[in-house]
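Structure file structure.csv (CSV, C-alpha atoms and all ligand atoms) is printed below.
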chain,number,residue,atom,x,y,z
A,241,MET,CA,0.0,0.0,0.0
A,242,GLY,CA,3.1,2.2,0.0
A,243,ASP,CA,2.3,4.3,-3.0
A,244,ILE,CA,-1.4,4.0,-2.8
A,245,ARG,CA,-1.8,7.7,-1.7
A,246,LYS,CA,0.2,8.8,-4.8
A,247,ARG,CA,-1.9,6.6,-7.1
A,248,ILE,CA,-5.1,8.0,-5.6
A,249,GLU,CA,-3.8,11.6,-5.9
A,250,SER,CA,-2.9,11.1,-9.5
A,251,ILE,CA,-6.4,9.7,-10.3
A,252,LEU,CA,-8.0,12.5,-8.4
A,253,LYS,CA,-6.0,15.0,-10.4
A,254,ARG,CA,-6.9,13.3,-13.7
A,255,TYR,CA,-10.6,13.6,-12.8
A,256,SER,CA,-10.2,17.1,-11.2
A,257,LEU,CA,-11.9,15.7,-8.2
A,258,LYS,CA,-11.2,17.2,-4.8
A,259,SER,CA,-11.0,15.5,-1.5
A,260,ASN,CA,-10.0,16.5,2.0
A,261,GLU,CA,-7.3,14.7,4.0
A,262,ARG,CA,-9.6,13.0,6.4
A,263,THR,CA,-11.8,11.6,3.7
A,264,LEU,CA,-8.7,10.4,1.9
A,265,ASP,CA,-7.3,8.8,5.1
A,266,ARG,CA,-10.7,7.0,5.7
A,267,PHE,CA,-10.7,5.8,2.1
A,268,ILE,CA,-7.1,4.5,2.3
A,269,TYR,CA,-7.9,2.8,5.5
A,270,LEU,CA,-10.8,1.0,3.8
A,271,LEU,CA,-8.5,0.0,0.9
A,272,SER,CA,-6.0,-1.5,3.3
A,273,THR,CA,-8.4,-4.4,3.7
A,274,LEU,CA,-8.0,-5.3,0.1
A,275,ASP,CA,-5.1,-7.3,-1.4
A,276,GLU,CA,-2.9,-4.8,-3.2
A,277,GLY,CA,-2.5,-7.2,-6.1
A,278,ASP,CA,-6.2,-7.0,-6.8
A,279,LEU,CA,-6.2,-3.2,-6.8
A,280,THR,CA,-5.8,-2.6,-10.6
A,281,ASP,CA,-5.8,1.0,-11.8
A,282,ARG,CA,-9.3,0.5,-13.3
A,283,LEU,CA,-10.7,-0.9,-10.0
A,284,LEU,CA,-9.0,1.9,-8.0
A,285,GLU,CA,-10.5,4.5,-10.3
A,286,ASN,CA,-14.0,3.0,-9.9
A,287,LEU,CA,-13.7,2.9,-6.2
A,288,ILE,CA,-12.6,6.5,-6.0
A,289,ILE,CA,-15.4,7.7,-8.2
A,290,GLU,CA,-17.9,5.6,-6.3
A,291,ASN,CA,-16.6,6.7,-2.8
A,292,LEU,CA,-15.6,10.3,-3.3
A,293,THR,CA,-18.7,11.5,-5.1
A,294,ILE,CA,-22.3,11.2,-3.8
A,295,GLY,CA,-24.9,10.1,-6.3
A,296,GLU,CA,-27.8,11.3,-4.3
A,297,SER,CA,-30.6,12.6,-6.5
A,298,TYR,CA,-34.4,12.3,-6.9
A,299,PHE,CA,-37.2,13.2,-9.2
A,300,PHE,CA,-38.1,16.9,-9.5
A,301,ARG,CA,-35.4,17.9,-7.0
A,302,ASP,CA,-35.8,21.7,-6.5
A,303,LEU,CA,-39.4,21.7,-7.6
A,304,GLY,CA,-39.5,25.5,-8.1
A,305,THR,CA,-36.9,25.2,-10.8
A,306,PHE,CA,-39.1,22.7,-12.7
A,307,ASP,CA,-42.1,24.9,-12.4
A,308,LYS,CA,-40.2,27.8,-13.8
A,309,LEU,CA,-38.7,25.5,-16.5
A,310,LYS,CA,-42.2,24.7,-17.7
A,311,THR,CA,-42.9,28.4,-18.4
A,312,ILE,CA,-39.5,28.8,-20.1
A,313,PHE,CA,-40.1,25.8,-22.3
A,314,LYS,CA,-43.2,27.4,-23.8
A,315,SER,CA,-41.1,30.1,-25.4
A,316,ARG,CA,-39.5,27.9,-28.0
A,317,PRO,CA,-40.7,24.8,-30.0
A,318,PHE,CA,-37.4,22.8,-29.6
A,319,TRP,CA,-34.9,22.5,-26.8
A,320,LYS,CA,-31.4,20.8,-26.8
A,321,ILE,CA,-30.5,20.1,-23.2
A,322,LEU,CA,-27.5,18.7,-21.4
A,323,SER,CA,-27.4,17.4,-17.8
A,324,ILE,CA,-23.9,17.3,-16.4
A,325,GLY,CA,-23.5,14.9,-13.4
A,326,CYS,CA,-26.9,13.3,-14.2
A,327,ALA,CA,-26.4,10.5,-11.6
A,328,LYS,CA,-29.0,7.8,-12.2
A,329,GLY,CA,-31.0,9.9,-14.5
A,330,GLU,CA,-33.7,11.3,-12.2
A,331,GLU,CA,-32.9,14.8,-13.3
A,332,VAL,CA,-33.0,13.9,-17.0
A,333,TYR,CA,-36.3,12.1,-16.9
A,334,SER,CA,-37.8,15.0,-14.8
A,335,ILE,CA,-36.8,17.3,-17.6
A,336,ALA,CA,-38.3,15.0,-20.2
A,337,ILE,CA,-41.6,14.9,-18.3
A,338,THR,CA,-41.7,18.7,-17.9
A,339,ALA,CA,-40.9,19.2,-21.6
A,340,GLN,CA,-43.8,16.8,-22.6
A,341,GLN,CA,-46.1,18.7,-20.2
A,342,ALA,CA,-45.2,21.9,-22.0
A,343,SER,CA,-45.8,20.2,-25.4
A,344,VAL,CA,-42.4,21.0,-26.8
A,345,ASP,CA,-39.8,18.9,-28.7
A,346,TYR,CA,-36.5,18.2,-27.0
A,347,GLN,CA,-33.3,16.2,-27.0
A,348,ILE,CA,-31.7,15.6,-23.7
A,349,MET,CA,-28.2,14.2,-23.0
A,350,GLY,CA,-27.1,13.1,-19.6
A,351,VAL,CA,-23.4,12.7,-18.7
A,352,ASP,CA,-21.9,11.2,-15.5
A,353,VAL,CA,-18.4,10.1,-14.6
A,354,ASN,CA,-19.8,7.1,-12.7
A,355,VAL,CA,-20.3,4.2,-15.1
A,356,GLN,CA,-22.7,2.3,-12.8
A,357,ARG,CA,-25.0,5.3,-12.4
A,358,ILE,CA,-25.2,5.7,-16.2
A,359,PHE,CA,-26.1,2.0,-16.5
A,360,GLU,CA,-28.9,2.6,-14.0
A,361,ALA,CA,-30.0,5.8,-15.8
A,362,LYS,CA,-30.4,3.9,-19.0
A,363,SER,CA,-32.5,1.2,-17.3
A,364,GLY,CA,-34.7,3.9,-15.8
A,365,CYS,CA,-35.8,1.8,-12.8
A,366,TYR,CA,-35.6,3.3,-9.3
A,367,ARG,CA,-36.2,2.5,-5.7
A,368,PHE,CA,-38.9,4.4,-3.8
A,369,TRP,CA,-36.3,6.9,-2.4
A,370,SER,CA,-35.9,8.5,-5.9
A,371,VAL,CA,-39.6,9.1,-6.2
A,372,ARG,CA,-40.3,10.0,-2.5
A,373,PHE,CA,-41.5,13.5,-3.2
A,374,LEU,CA,-44.0,12.5,-5.9
A,375,SER,CA,-47.7,12.1,-5.3
A,376,GLU,CA,-49.4,8.8,-6.0
A,377,ARG,CA,-51.0,10.3,-9.1
A,378,GLU,CA,-47.6,11.4,-10.4
A,379,ILE,CA,-46.1,8.0,-9.7
A,380,ASN,CA,-48.9,6.4,-11.7
A,381,ASN,CA,-48.5,8.9,-14.5
A,382,TYR,CA,-44.7,8.5,-14.9
A,383,PHE,CA,-43.8,5.0,-13.8
A,384,VAL,CA,-44.7,1.4,-14.1
A,385,VAL,CA,-44.1,-0.4,-10.8
A,386,LYS,CA,-42.3,-3.8,-11.2
A,387,ASN,CA,-41.0,-5.8,-8.2
A,388,ASN,CA,-41.0,-2.7,-5.9
A,389,MET,CA,-39.0,-0.8,-8.5
A,390,TYR,CA,-40.4,2.4,-10.2
A,391,CYS,CA,-39.6,2.1,-13.9
A,392,ILE,CA,-40.0,5.3,-16.0
A,393,LYS,CA,-42.5,4.8,-18.8
A,394,GLU,CA,-41.1,4.3,-22.3
A,395,GLU,CA,-42.6,7.6,-23.6
A,396,TYR,CA,-40.2,9.5,-21.3
A,397,LYS,CA,-37.2,7.6,-22.6
A,398,LYS,CA,-37.7,9.0,-26.1
A,399,ASN,CA,-35.1,11.6,-27.2
A,400,VAL,CA,-33.0,10.9,-24.1
A,401,THR,CA,-29.4,9.6,-24.2
A,402,PHE,CA,-26.9,8.9,-21.5
A,403,SER,CA,-23.1,8.8,-21.7
A,404,ASN,CA,-20.3,7.9,-19.3
A,405,GLY,CA,-17.7,10.6,-19.1
A,406,ASN,CA,-15.7,13.0,-17.1
A,407,ILE,CA,-17.0,16.5,-17.8
A,408,THR,CA,-13.5,17.9,-17.4
A,409,GLU,CA,-12.3,15.9,-20.4
A,410,TYR,CA,-15.6,15.3,-22.3
A,411,ASN,CA,-15.4,16.3,-26.0
A,412,PHE,CA,-18.9,17.2,-27.1
A,413,GLY,CA,-17.7,17.7,-30.7
A,414,ILE,CA,-20.9,19.7,-31.1
A,415,THR,CA,-22.1,21.5,-34.2
A,416,GLU,CA,-25.0,23.1,-32.4
A,417,LYS,CA,-24.7,24.4,-28.8
A,418,PHE,CA,-27.1,23.6,-26.0
A,419,ASP,CA,-30.2,25.6,-25.1
A,420,ILE,CA,-30.1,24.6,-21.5
A,421,ILE,CA,-27.3,23.1,-19.3
A,422,PHE,CA,-28.1,21.6,-16.0
A,423,LEU,CA,-25.1,21.7,-13.6
A,424,ARG,CA,-26.5,20.9,-10.3
A,425,ARG,CA,-24.5,19.6,-7.3
A,426,VAL,CA,-21.5,18.7,-9.4
A,427,LEU,CA,-19.1,21.6,-8.9
A,428,ILE,CA,-18.8,20.8,-5.2
A,429,TYR,CA,-16.7,17.7,-6.2
A,430,LEU,CA,-14.4,19.5,-8.6
A,431,ASP,CA,-11.3,21.5,-8.0
A,432,ASN,CA,-11.3,23.4,-11.3
A,433,VAL,CA,-14.7,25.2,-11.0
A,434,GLY,CA,-13.5,28.1,-13.2
A,435,ASP,CA,-12.5,25.8,-16.1
A,436,ILE,CA,-15.8,23.9,-16.0
A,437,ILE,CA,-17.7,27.2,-16.0
A,438,ARG,CA,-15.8,28.4,-19.0
A,439,LYS,CA,-16.4,25.1,-20.7
A,440,VAL,CA,-20.2,25.4,-20.0
A,441,LEU,CA,-20.0,28.9,-21.4
A,442,SER,CA,-18.5,27.7,-24.6
A,443,ILE,CA,-21.1,25.0,-25.3
A,444,LEU,CA,-24.2,27.0,-24.3
A,445,LYS,CA,-26.0,29.2,-26.7
A,446,ASP,CA,-25.9,33.0,-26.0
A,447,ASP,CA,-29.6,33.0,-25.3
A,448,GLY,CA,-29.4,29.7,-23.4
A,449,TYR,CA,-29.9,28.9,-19.7
A,450,LEU,CA,-27.6,27.4,-17.1
A,451,ILE,CA,-29.3,25.7,-14.2
A,452,ILE,CA,-27.6,25.2,-10.9
A,453,GLY,CA,-28.8,23.6,-7.7
A,454,ASN,CA,-30.8,25.5,-5.0
A,455,GLY,CA,-28.4,27.1,-2.5
A,456,GLU,CA,-25.3,26.6,-4.7
A,457,TYR,CA,-22.9,29.5,-4.7
A,458,PHE,CA,-19.7,29.6,-6.7
A,459,PRO,CA,-18.2,33.1,-7.2
A,460,PRO,CA,-16.6,32.3,-10.6
A,461,LEU,CA,-20.1,31.6,-12.0
A,462,TYR,CA,-21.1,35.3,-11.6
A,463,GLU,CA,-18.2,36.4,-13.8
A,464,TYR,CA,-20.1,35.0,-16.8
A,465,PHE,CA,-23.7,34.3,-15.7
A,466,GLU,CA,-26.4,36.1,-13.8
A,467,PRO,CA,-29.7,34.8,-12.4
A,468,ILE,CA,-32.8,35.5,-14.6
A,469,SER,CA,-34.6,37.1,-11.6
A,470,PRO,CA,-34.2,37.4,-7.8
A,471,SER,CA,-36.9,34.8,-7.4
A,472,SER,CA,-35.2,32.2,-9.7
A,473,ILE,CA,-31.6,32.5,-8.7
A,474,ALA,CA,-30.8,28.9,-9.7
A,475,ILE,CA,-31.7,29.7,-13.4
A,476,MET,CA,-29.0,31.8,-15.0
A,477,LYS,CA,-28.3,33.4,-18.4
A,478,LYS,CA,-25.0,34.5,-19.9
A,479,LYS,CA,-24.0,38.1,-19.1
A,480,ALA,CA,-24.3,40.2,-22.3
A,481,GLN,CA,-20.6,40.9,-22.4
A,482,THR,CA,-19.7,37.2,-22.7
A,483,PHE,CA,-21.4,37.1,-26.1
A,484,LEU,CA,-18.2,38.8,-27.4
A,485,LEU,CA,-16.1,36.0,-26.3
A,486,ASP,CA,-14.3,33.7,-28.7
A,487,THR,CA,-16.8,30.9,-29.1
A,488,SER,CA,-14.1,28.5,-30.2
A,489,ILE,CA,-13.0,27.9,-26.7
A,490,SER,CA,-11.9,24.3,-26.7
A,491,THR,CA,-14.4,21.6,-25.7
A,492,ASN,CA,-11.6,19.2,-25.3
A,493,LYS,CA,-9.8,18.7,-22.0
A,494,LEU,CA,-9.3,22.1,-20.4
A,495,SER,CA,-6.3,23.1,-18.5
A,496,SER,CA,-6.2,26.0,-16.1
A,497,SER,CA,-3.9,27.9,-18.4
A,498,GLN,CA,-6.4,28.0,-21.2
A,499,PRO,CA,-9.0,30.5,-20.0
A,500,ASN,CA,-6.7,33.5,-19.8
A,501,ARG,CA,-7.9,34.8,-23.2
A,502,THR,CA,-11.5,34.7,-21.9
A,503,ARG,CA,-10.4,36.7,-18.8
A,504,GLU,CA,-8.6,39.3,-21.0
A,505,VAL,CA,-11.7,39.8,-23.2
A,506,LEU,CA,-13.9,40.0,-20.1
A,507,SER,CA,-11.7,42.5,-18.4
A,508,VAL,CA,-11.7,44.8,-21.5
A,509,THR,CA,-15.5,44.6,-22.0
A,510,ASN,CA,-16.0,45.1,-18.2
A,511,THR,CA,-14.6,48.5,-18.4
A,512,TYR,CA,-17.5,49.6,-20.6
A,513,MET,CA,-20.0,48.5,-18.0
A,514,SER,CA,-21.3,50.7,-15.2
A,515,GLU,CA,-20.2,49.7,-11.7
A,516,LYS,CA,-23.8,49.0,-10.8
A,517,ALA,CA,-24.4,46.7,-13.7
A,518,ARG,CA,-21.2,44.8,-13.1
A,519,ASN,CA,-22.0,44.2,-9.4
A,520,SER,CA,-25.7,43.7,-9.6
A,521,SER,CA,-26.2,40.0,-9.7
A,522,VAL,CA,-24.0,38.8,-6.9
A,523,PRO,CA,-25.3,40.9,-4.0
A,524,ALA,CA,-28.9,40.2,-5.1
A,525,PHE,CA,-28.1,36.5,-5.0
A,526,LYS,CA,-26.4,36.6,-1.6
A,527,ASN,CA,-29.3,38.5,-0.1
A,528,THR,CA,-31.8,36.0,-1.4
A,529,ILE,CA,-29.8,33.1,0.0
A,530,ASN,CA,-29.6,34.8,3.4
A,531,ASP,CA,-33.3,35.5,3.3
A,532,LEU,CA,-33.9,31.8,2.6
A,533,HIS,CA,-31.9,30.6,5.5
A,534,GLY,CA,-34.6,31.0,8.0
A,535,ASN,CA,-37.1,29.1,5.9
A,536,LEU,CA,-35.5,26.3,4.1
A,537,SER,CA,-37.3,23.2,2.8
A,538,PHE,CA,-36.0,19.7,3.6
A,539,GLU,CA,-34.2,19.4,0.4
A,540,GLU,CA,-32.6,22.8,0.7
A,541,GLU,CA,-31.5,22.0,4.3
A,542,LEU,CA,-30.0,18.8,3.0
A,543,HIS,CA,-28.2,20.5,0.3
A,544,LEU,CA,-26.7,23.0,2.8
A,545,VAL,CA,-25.5,20.1,4.8
A,546,GLU,CA,-24.0,18.5,1.7
A,547,ASN,CA,-22.2,21.7,1.0
A,548,TYR,CA,-20.8,22.0,4.5
A,549,ILE,CA,-19.6,18.4,4.3
A,550,SER,CA,-17.9,18.9,1.0
A,551,GLN,CA,-16.2,21.9,2.4
A,552,GLY,CA,-15.0,20.0,5.4
A,553,LYS,CA,-17.1,22.1,7.8
A,554,PHE,CA,-18.1,19.2,10.0
A,555,ASN,CA,-19.1,21.1,13.1
A,556,GLU,CA,-21.5,23.3,11.2
A,557,SER,CA,-23.0,20.3,9.3
A,558,TYR,CA,-23.3,18.4,12.6
A,559,GLU,CA,-25.2,21.3,14.2
A,560,ARG,CA,-27.7,21.3,11.4
A,561,LEU,CA,-28.0,17.6,11.2
A,562,ASN,CA,-28.9,17.4,14.9
A,563,VAL,CA,-31.7,19.8,14.3
A,564,LEU,CA,-32.8,17.9,11.1
A,565,SER,CA,-32.8,14.5,12.9
A,566,VAL,CA,-35.4,15.9,15.4
A,567,LYS,CA,-37.4,17.7,12.6
A,568,TYR,CA,-37.3,14.8,10.1
A,569,PRO,CA,-36.6,11.6,12.2
A,570,SER,CA,-37.8,9.3,9.4
A,571,GLN,CA,-35.5,10.6,6.6
A,572,TYR,CA,-32.8,8.0,6.4
A,573,VAL,CA,-30.5,10.3,4.5
A,574,VAL,CA,-30.3,12.6,7.6
A,575,TRP,CA,-29.1,9.7,9.7
A,576,LYS,CA,-26.7,8.6,7.0
A,577,TYR,CA,-25.1,12.1,6.8
A,578,LYS,CA,-25.1,12.3,10.6
A,579,ALA,CA,-23.2,9.0,10.8
A,580,LEU,CA,-20.7,10.2,8.2
A,581,VAL,CA,-20.1,13.5,10.1
A,582,GLU,CA,-19.9,11.7,13.4
A,583,LEU,CA,-17.2,9.5,12.0
A,584,GLU,CA,-15.3,12.6,10.8
A,585,LEU,CA,-15.7,14.1,14.3
A,586,LEU,CA,-14.4,10.8,15.8
A,587,LEU,CA,-17.8,10.2,17.6
A,588,LYS,CA,-17.7,6.5,16.7
A,589,ASP,CA,-20.5,5.3,19.1
A,590,LYS,CA,-22.8,8.0,18.0
A,591,ALA,CA,-22.0,7.1,14.4
A,592,ARG,CA,-22.9,3.5,15.1
A,593,GLU,CA,-26.3,4.5,16.5
A,594,SER,CA,-27.0,6.8,13.6
A,595,LEU,CA,-26.2,4.1,11.1
A,596,LYS,CA,-28.6,1.7,12.9
A,597,ARG,CA,-31.4,4.3,12.4
A,598,ALA,CA,-30.4,4.8,8.8
A,599,LEU,CA,-30.4,1.1,8.1
A,600,PHE,CA,-33.7,0.6,9.8
A,601,LEU,CA,-35.2,3.3,7.6
A,602,ASN,CA,-33.5,2.1,4.4
A,603,HIS,CA,-31.9,-1.3,4.2
A,604,ALA,CA,-31.0,-0.9,0.5
A,605,ASP,CA,-28.6,2.1,0.4
A,606,GLU,CA,-25.1,1.0,-0.5
A,607,GLU,CA,-23.4,4.0,1.1
A,608,ILE,CA,-24.8,3.1,4.5
A,609,TRP,CA,-23.4,-0.4,4.2
A,610,GLN,CA,-20.0,1.1,3.2
A,611,LEU,CA,-20.0,3.2,6.3
A,612,LYS,CA,-21.1,0.3,8.5
A,613,ASN,CA,-18.3,-1.9,7.1
A,614,PHE,CA,-15.9,0.9,7.8
A,615,ILE,CA,-16.9,1.2,11.4
A,616,GLU,CA,-16.8,-2.5,11.9
A,617,LEU,CA,-13.3,-2.8,10.4
A,618,ARG,CA,-11.8,-0.3,12.8
A,701,LIG,C1,-25.0,14.7,-6.1
A,701,LIG,S1,-25.1,14.1,-7.8
A,701,LIG,C2,-26.1,15.3,-8.5
A,701,LIG,C3,-27.2,14.7,-9.4
A,701,LIG,C4,-28.2,15.7,-10.0
A,701,LIG,N1,-27.5,16.6,-10.8
A,701,LIG,C5,-28.9,16.4,-8.9
A,701,LIG,O1,-28.7,17.6,-8.6
A,701,LIG,O2,-29.8,15.8,-8.3
A,701,LIG,C6,-23.5,14.5,-8.4
A,701,LIG,C7,-23.1,13.7,-9.6
A,701,LIG,O3,-22.1,14.3,-10.3
A,701,LIG,C8,-21.2,13.3,-10.8
A,701,LIG,N2,-19.9,13.8,-11.1
A,701,LIG,C9,-18.9,14.2,-10.2
A,701,LIG,N3,-17.8,14.6,-10.9
A,701,LIG,C10,-18.1,14.5,-12.2
A,701,LIG,C11,-17.3,14.8,-13.4
A,701,LIG,N4,-16.1,15.2,-13.3
A,701,LIG,N5,-17.9,14.6,-14.6
A,701,LIG,C12,-19.2,14.1,-14.7
A,701,LIG,N6,-20.0,13.8,-13.6
A,701,LIG,C13,-19.4,14.0,-12.4
A,701,LIG,C14,-21.2,12.2,-9.7
A,701,LIG,O4,-20.9,10.9,-10.2
A,701,LIG,C15,-22.7,12.2,-9.3
A,701,LIG,O5,-23.5,11.3,-9.9
Could you take the file, read its structure, and then write that structure out as structure tokens?
Amino acid sequence: MGDIRKRIESILKRYSLKSNERTLDRFIYLLSTLDEGDLTDRLLENLIIENLTIGESYFFRDLGTFDKLKTIFKSRPFWKILSIGCAKGEEVYSIAITAQQASVDYQIMGVDVNVQRIFEAKSGCYRFWSVRFLSEREINNYFVVKNNMYCIKEEYKKNVTFSNGNITEYNFGITEKFDIIFLRRVLIYLDNVGDIIRKVLSILKDDGYLIIGNGEYFPPLYEYFEPISPSSIAIMKKKAQTFLLDTSISTNKLSSSQPNRTREVLSVTNTYMSEKARNSSVPAFKNTINDLHGNLSFEEELHLVENYISQGKFNESYERLNVLSVKYPSQYVVWKYKALVELELLLKDKARESLKRALFLNHADEEIWQLKNFIELR
């Protein structure tokens, strides 16, 4: 296992994935139970992608975004859409359902770095957890239930494709840019946010939309994009000055040295904008987020916790998770995250108790079993 850390770091670098020291230590400890001879590069790569990214998603996540999307859809007859970090496809099929409800034509492509998630996305069958926020009527409308699995109806699989790929390297080779790009809860895993944002800029039409997750805040985004309105801050459009940018920005692998030209053009065009116009979107966004803090929905609360965890703010996330476990005692994901954070805070007995609750509520979640194995191995 001598050079395992180096091998892991080189894979993380290749995928532009970020990880903190403690998570890495925990991961390396888990690997120490394997025979090094079995740990091929391919297996190690899969384990890293599986363990250091969270595939949590569900149908119509951030419902307000989909309500707004339905209105937006009605403005054009055809939409070409990309979902980056599409996980098991819940997001893609939610978009397809919304487009059909708005009676528009569409083509949707989902891309995810995790091969297993893409396989499941193509199959389109889900456990109850993925449809948990849908009404019975919605479930009947969109799914066929087979062996306790909720399988998306064939009509929603039309015009939908899925590909396995790392967005940092993915070559779209496109002739026509996208009308909408979904980029929700992916940037938190990546260490080259600026590069990804510039890549998105280069493959999105000038009048296209970029959709991020509720509560996500990445300052480099606001260099190029602005929310369409203070009430829809997760839906963004390109800032007018970015239209002047060279649209041939490479869609091949990006390196951090490439975007300088973009920066230069921006800084020149920026000087023609008024101070107010330049600064308008970010403060408005920040205020809205602050206003929301007092009144977050379950999914927004959860996302905030995910953000804290990904930033290594374990005390903050633990504080919120303690509140959430009282407020939503039957949500297994709260107990799962609580166990994860308790492990990070070295509260092993508490983590064991939280895992018991999580398993009681959902016996089928692989991540809970991974955590359980980890505790038992120590
Ligand atoms: C938390 S899920 C988000 C799913 C969905 N977008 C949502 O908001 O519900 C994040 C997904 O991003 C994927 N991902 C992480 N890094 C990626 C990369 N470099 N390229 C493509 N997908 C990536 C992960 O595999 C995971 O399935």
Selection near Tyr346 of chain A, 10 Å with all atoms listed in the file, sequence-local residues under 2 positions removed, as a ChimeraX atom specification
/A:313,317-321,335-336,339-340,343-344,348,398-400,419
Distance in Å - atom CA of Gly325 of chain A versus atom O5 of ligand LIG 701 (chain A):
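About the pair atom CA of Gly325 of chain A and atom O5 of ligand LIG 701 (chain A): they are 5.0 Å apart.
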Residues within 9 Å of ligand LIG 701 (chain A), counting all atoms listed in the file, as a ChimeraX atom specification:
/A:255-257,289-290,292-302,323-332,351-355,357-358,404-410,422-430,452-454,546
Separating atom CA of Pro459 of chain A from atom CA of Thr305 of chain A, to the nearest tenth of an Å, is a gap of 20.6 Å
Glu607 of chain A surroundings by only C-alpha atoms, 12 Å radius, close-in-sequence under 5 positions cut, as a PyMOL selection string
chain A and resi 290-296+572-573+575-577+579-580+595+598-599+602+612-614
